[in-house]
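*Asks:* Below: one structure in structure tokens.
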Amino acid sequence: MSTLSYDATGAAQQALEQHLPTLVEDRIATRIFAKDHTLWGPDAESESAVRLGWVEAATVSQPLVKDILELRDALRAEGVSRIVLCGMGGSSLAPEVIAGTAGVELTVLDSTDPDQVRAALADRLDATAIVVSSKSGSTLETDSQRRIFEQAFTEAGVDAKSRIIIVTDPGSPLDKASREAGYRAVFNADPNVGGRYSALTAFGLVPSGLAGVDIQAFLDEAEEAAEILNDDAPENIGLALGTALGGTSPLRNKIVIAEDGSGIVGFADWAEQLIAESTGKLGTGILPVVAGPQSPEVTAGAPDVLVVRLVAADADVELGENQVAIAGGLPTQMMVWEFATAVTGRLLGINPFDQPDVEAAKVAARGLLDAQPEPTPAAFVDGAIEVRGGDWLGDAATAEGAVKALLGTLASDSYLSVQAYFDRLAFAGLEGIRDDLAAATGRPVTFGWGPRFLHSTGQFHKGGPAIGVFLQVTAAPAEDLGIPDRPFTFGELIAAQAAGDAQVLGEHGRPVLRLHLTDRAAGVAQLQDIVAALSTRASATES
């Protein structure tokens, strides 16, 4: 197994000293691995009873390896060299991290943006197979993606059924429909594992294995990690990380996860959805913030922030105050963070396996799709940006003024969430505004691409503490794209998802500034200039 190490300072070390003896005495580690569903209180027992399969996933999933590798070899023999994953939330983020860290190509389509969908369709379709991942099959995004690919295969003269692989729970509507349709393969995952804990199940393994990852070695390392975590001992790093995430006093409820040489590609994005969806409920929770080692939140020393640095096993790390450093291979880290998140749930007194507020945005989006209402008129237009907001906009008459007005609603314990509902691959550079906004505000800033974050951090935004301030960015596509046998297009779908989320956030009393880019390239450049100017002025004021 890869070397696993952990170090902590300040509040994280104090939390360990405060909580670790009790966690060991109460045999929390072995009880988790024994699937003791009573650990999170009476209200959580029914859900926990059917959500603890992840503790043995590395072992239970071993029989999948042979079938996955045989299918991979058969596809390659037929000239299929490109795998596209149609999935959302944990079922897409885990394979993305696994493949990226292994240096293996995997196209992850976790968007309903017409331009991004069209780009996925245009790339080597004749050499492509898709993996459609959904526990039930009711996920609107993945159903729409399957429909458009099936149509594209058929129109290109490719046998669509031979290029579609399904991952779902046994007996689900998707399971039954896919077998009846005669798709190439249907893999069943353990139904006793929630989506965000599913990295070591078929949801993580099928797309990764088909893309070329050594999934046997991956599972072997994870099995070893599980054995280490299943130990009621003070040296249990999973228990230590759990105390850092959920046991600080007063609670540091913004956890800045900084990639700092671990070699794991995109791990913080995966950990973000795991922690936010598991803990953000009942008005409490932990907000993960994905950042770099030099990001403003890492060095600011805010009293509500704890920094976790993902480092290399042999790194000589000098920790600042209130920081954690953790090292380990990807399978090991995945097991450690899943285990630590479960421990965090116990410390916070919440159920880490449900997601009571995720459905709200989905219902609102579906209602908007059915009703097809006229868009809310813009408060004003500035260049390539249409501006919509609440009463807090005041007399703002420019996009920069609107952003300043939104930032003016931030309190000393707030965070800013930037949510961009368009092509995350073509406009990846927009993520750079995150650091500038953190510098301009002095507060933690998250950046999420819609609609994928709705299946993860969206739970925290609505169910966690009411301290979020939201900047939503939507954009007109170059050209819309229809969805086969649906009365709406991809453009209409992503617009409804954005509007539905803004509606629900507004109903929860959260400030939401909506910026719609009428021209993507021009609007992105304009927004980047606005944020850079705000950051520069903030720096000048400080100096």
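Identifiers in this document derive from the order of the structure tokens: chains are assigned A, B, ..., residues are numbered from 1 separately in each chain, and ligands are numbered from 1 in order of occurrence.
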Tell me, as an MDAnalysis selection string, which residues lie within 7 Å of Gly242 of chain A, counting only C-alpha atoms; anything in the same chain fewer than 4 positions away does not count.
*Replies:* chainID A and resid 238 246 340:341 343:344
*Asks:* Filtering to all heavy atoms, could you give me those residues as an mmCIF file, in the first residue's frame?
*Replies:*
data_model
loop_
_atom_site.group_PDB
_atom_site.id
_atom_site.type_symbol
_atom_site.label_atom_id
_atom_site.label_comp_id
_atom_site.auth_asym_id
_atom_site.auth_seq_id
_atom_site.Cartn_x
_atom_site.Cartn_y
_atom_site.Cartn_z
ATOM 1 N N GLY A 238 -7.690 7.919 9.729
ATOM 2 C CA GLY A 238 -9.067 8.252 9.384
ATOM 3 C C GLY A 238 -9.795 8.912 10.539
ATOM 4 O O GLY A 238 -10.554 9.869 10.345
ATOM 5 N N GLY A 246 -14.580 17.745 11.568
ATOM 6 C CA GLY A 246 -15.823 18.006 12.297
ATOM 7 C C GLY A 246 -15.700 18.271 13.771
ATOM 8 O O GLY A 246 -16.723 18.448 14.441
ATOM 9 N N ALA A 340 -13.443 9.209 7.152
ATOM 10 C CA ALA A 340 -13.382 10.426 7.960
ATOM 11 C C ALA A 340 -14.676 11.223 7.864
ATOM 12 O O ALA A 340 -15.103 11.848 8.846
ATOM 13 C CB ALA A 340 -12.201 11.288 7.515
ATOM 14 N N THR A 341 -15.312 11.210 6.699
ATOM 15 C CA THR A 341 -16.577 11.926 6.539
ATOM 16 C C THR A 341 -17.666 11.291 7.395
ATOM 17 O O THR A 341 -18.510 11.992 7.979
ATOM 18 C CB THR A 341 -16.988 11.952 5.060
ATOM 19 O OG1 THR A 341 -15.971 12.630 4.310
ATOM 20 C CG2 THR A 341 -18.301 12.673 4.853
ATOM 21 N N VAL A 343 -17.105 9.739 10.205
ATOM 22 C CA VAL A 343 -16.757 10.154 11.570
ATOM 23 C C VAL A 343 -17.208 11.593 11.818
ATOM 24 O O VAL A 343 -17.747 11.921 12.883
ATOM 25 C CB VAL A 343 -15.237 10.012 11.796
ATOM 26 C CG1 VAL A 343 -14.837 10.598 13.154
ATOM 27 C CG2 VAL A 343 -14.816 8.547 11.716
ATOM 28 N N THR A 344 -17.008 12.448 10.825
ATOM 29 C CA THR A 344 -17.429 13.840 10.933
ATOM 30 C C THR A 344 -18.925 13.949 11.187
ATOM 31 O O THR A 344 -19.387 14.756 12.001
ATOM 32 C CB THR A 344 -17.059 14.609 9.650
ATOM 33 O OG1 THR A 344 -15.641 14.589 9.481
ATOM 34 C CG2 THR A 344 -17.541 16.039 9.693
#
*Asks:* Could you give me, as a PyMOL selection string, the residues within 9 Å of segment 105-121 of chain A, counting only C-alpha atoms and dropping anything in the same chain fewer than 3 positions from it?
*Replies:* chain A and resi 82-89+92-93+95-96+99-100+102+124-125+141-142+144-145+148-149+152+207-208+211-212+421-426+449-452+477-482+489-491+493-495
*Asks:* When you look at Gln528 of chain A with a cut-off of 9 Å (counting only C-alpha atoms), what residues show up, excluding the ones that are within fewer than 3 positions of it in the same chain? I need them as number ranges by chain.
*Replies:* A: 430, 432-433, 523-525, 531-533
*Asks:* Which polymer residues have any atom within 12 Å of an atom of Arg510 of chain A, counting only C-alpha atoms, with same-chain residues fewer than 3 positions away left out, as number ranges by chain?
*Replies:* A: 389-390, 392, 406, 409-410, 414-417, 461-471, 501-507, 513
*Asks:* For segment 314-324 of chain A, list every protein, DNA or RNA residue within 12 Å, evaluated using only C-alpha atoms, and leave out those in the same chain fewer than 6 positions away; present the list as a ChimeraX atom specification.
*Replies:* /A:2-16,237,240-245,248-249,252,254-258,260-263,293,297-308
*Asks:* Would you work out the distance separating atom CA of Ile130 of chain A from atom CA of Ile164 of chain A, expressed in Å to one decimal?
*Replies:* 5.2 Å
*Asks:* Hey, can you check how far atom CA of Lys35 of chain A sits from atom CA of Val50 of chain A?
*Replies:*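 Straight-line distance from atom CA of Lys35 of chain A to atom CA of Val50 of chain A works out to 9.3 Å.
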*Asks:* Could you work out how far atom CA of Leu454 of chain A lies from atom CA of Thr38 of chain A, giving the answer in Å with one decimal?
*Replies:*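 Answer for the atom CA of Thr38 of chain A to atom CA of Leu454 of chain A separation: 28.9 Å.
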*Asks:* Which one of A:Ser61, A:Arg346, A:Ser133, A:Asp143 sits closest to Ile483 of chain A if you count only C-alpha atoms?
*Replies:*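 Result for the nearest residue to Ile483 of chain A: A:Asp143.
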*Asks:* Find the spatial neighbours of Met334 of chain A, counting only C-alpha atoms, within a cut-off of 9 Å - ignore same-chain residues fewer than 4 positions away - and output them as a list in words.
*Replies:*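 Using only C-alpha atoms, the neighbours found are Tyr197, Ala199, Leu200, Ala222, Phe267, Trp270, Ala271, Gly329, Leu330, Glu338 and Phe339 of chain A.
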*Asks:* Got time to write the residues from that selection, N, CA and C atoms, as a PDB file, in the first residue's frame?
*Replies:*
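To be explicit, this is the file written out as again.pdb:
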ATOM      1  N   TYR A 197     -20.245   7.982  -2.203  1.00  0.00           N
ATOM      2  CA  TYR A 197     -19.327   6.996  -1.612  1.00  0.00           C
ATOM      3  C   TYR A 197     -19.005   5.858  -2.596  1.00  0.00           C
ATOM      4  N   ALA A 199     -16.968   5.411  -5.237  1.00  0.00           N
ATOM      5  CA  ALA A 199     -15.742   5.375  -6.043  1.00  0.00           C
ATOM      6  C   ALA A 199     -15.216   3.961  -6.260  1.00  0.00           C
ATOM      7  N   LEU A 200     -15.387   3.089  -5.270  1.00  0.00           N
ATOM      8  CA  LEU A 200     -14.831   1.734  -5.341  1.00  0.00           C
ATOM      9  C   LEU A 200     -15.864   0.704  -5.770  1.00  0.00           C
ATOM     10  N   ALA A 222      -6.906  -0.316  -2.056  1.00  0.00           N
ATOM     11  CA  ALA A 222      -8.035   0.113  -1.235  1.00  0.00           C
ATOM     12  C   ALA A 222      -8.364  -0.922  -0.162  1.00  0.00           C
ATOM     13  N   PHE A 267      -8.302  15.551  -6.944  1.00  0.00           N
ATOM     14  CA  PHE A 267      -8.834  14.906  -5.743  1.00  0.00           C
ATOM     15  C   PHE A 267      -9.729  15.847  -4.940  1.00  0.00           C
ATOM     16  N   TRP A 270     -13.318  15.852  -5.962  1.00  0.00           N
ATOM     17  CA  TRP A 270     -14.048  14.670  -5.494  1.00  0.00           C
ATOM     18  C   TRP A 270     -14.360  14.790  -4.005  1.00  0.00           C
ATOM     19  N   ALA A 271     -13.369  15.211  -3.200  1.00  0.00           N
ATOM     20  CA  ALA A 271     -13.586  15.358  -1.763  1.00  0.00           C
ATOM     21  C   ALA A 271     -14.620  16.442  -1.474  1.00  0.00           C
ATOM     22  N   GLY A 329      -1.665   7.310  -1.511  1.00  0.00           N
ATOM     23  CA  GLY A 329      -2.108   7.054  -2.880  1.00  0.00           C
ATOM     24  C   GLY A 329      -3.600   7.273  -3.022  1.00  0.00           C
ATOM     25  N   LEU A 330      -4.073   7.364  -4.264  1.00  0.00           N
ATOM     26  CA  LEU A 330      -5.479   7.685  -4.502  1.00  0.00           C
ATOM     27  C   LEU A 330      -6.444   6.694  -3.869  1.00  0.00           C
ATOM     28  N   GLU A 338     -13.626   8.904   2.886  1.00  0.00           N
ATOM     29  CA  GLU A 338     -14.982   8.391   3.087  1.00  0.00           C
ATOM     30  C   GLU A 338     -15.195   8.047   4.565  1.00  0.00           C
ATOM     31  N   PHE A 339     -14.213   7.369   5.135  1.00  0.00           N
ATOM     32  CA  PHE A 339     -14.284   6.995   6.550  1.00  0.00           C
ATOM     33  C   PHE A 339     -14.325   8.239   7.437  1.00  0.00           C
TER      34      PHE A 339
END
*Asks:* In terms of the shortest atom-to-atom distance over only C-alpha atoms, which of A:Ala342, A:Leu20, A:Ala378, A:Ile215 is closest to His37 of chain A?
*Replies:* A:Ala342
*Asks:* For Ala364 of chain A, which residue among A:Gly500, A:Pro444, A:Gly458, A:Gly194 is the nearest when counting only C-alpha atoms?
*Replies:* A:Gly500
*Asks:* Which residue gives the smallest distance to Leu219 of chain A among A:Ser48, A:Thr201, A:Gln273, A:Ser134, with only C-alpha atoms counted?
*Replies:*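 Using only C-alpha atoms, Leu219 of chain A sits closest to A:Thr201.
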*Asks:* Which of these, A:Val358, A:Leu515, A:Ala439, A:Ile385, has the shortest distance to Glu277 of chain A once you count only C-alpha atoms?
*Replies:* A:Val358
*Asks:* DSSP on the backbone: which residues in segment 377-423 of chain A end up as strand (DSSP E or B)? Give the answer as an NGL selection string.
*Replies:* :A and (380-382 or 385-388 or 415-421)
*Asks:* At a cut-off of 9 Å, using only C-alpha atoms, what residues contact Gln151 of chain A? Leave out same-chain residues fewer than 5 positions from it and give the result as a list in words.
*Replies:* Arg146, Ala156, Ala160 and Pro484 of chain A
*Asks:* Just to be explicit: take each residue in the selection above, keep all heavy atoms, and write the result as a short mmCIF file (atom, residue, chain, number, x, y, z; two decimals), in the first residue's frame.
*Replies:*
data_model
loop_
_atom_site.label_atom_id
_atom_site.label_comp_id
_atom_site.auth_asym_id
_atom_site.auth_seq_id
_atom_site.Cartn_x
_atom_site.Cartn_y
_atom_site.Cartn_z
N ARG A 146 -27.62 10.09 -23.00
CA ARG A 146 -27.77 8.79 -23.66
C ARG A 146 -28.58 8.92 -24.93
O ARG A 146 -28.22 8.34 -25.97
CB ARG A 146 -28.44 7.79 -22.71
CG ARG A 146 -28.70 6.43 -23.35
CD ARG A 146 -29.65 5.60 -22.51
NE ARG A 146 -30.95 6.22 -22.32
CZ ARG A 146 -31.92 6.26 -23.23
NH1 ARG A 146 -31.73 5.70 -24.44
NH2 ARG A 146 -33.08 6.84 -22.97
N ALA A 156 -24.74 7.89 -37.75
CA ALA A 156 -23.41 7.67 -38.31
C ALA A 156 -23.22 6.26 -38.84
O ALA A 156 -22.12 5.90 -39.29
CB ALA A 156 -22.35 7.98 -37.24
N ALA A 160 -25.75 1.38 -32.35
CA ALA A 160 -25.77 2.10 -31.08
C ALA A 160 -25.77 1.15 -29.89
O ALA A 160 -25.09 1.39 -28.88
CB ALA A 160 -26.99 3.01 -31.03
N PRO A 484 -33.45 14.11 -28.34
CA PRO A 484 -34.38 13.19 -29.01
C PRO A 484 -35.56 12.80 -28.12
O PRO A 484 -35.38 12.43 -26.95
CB PRO A 484 -33.50 11.98 -29.34
CG PRO A 484 -32.12 12.54 -29.47
CD PRO A 484 -32.05 13.63 -28.43
#
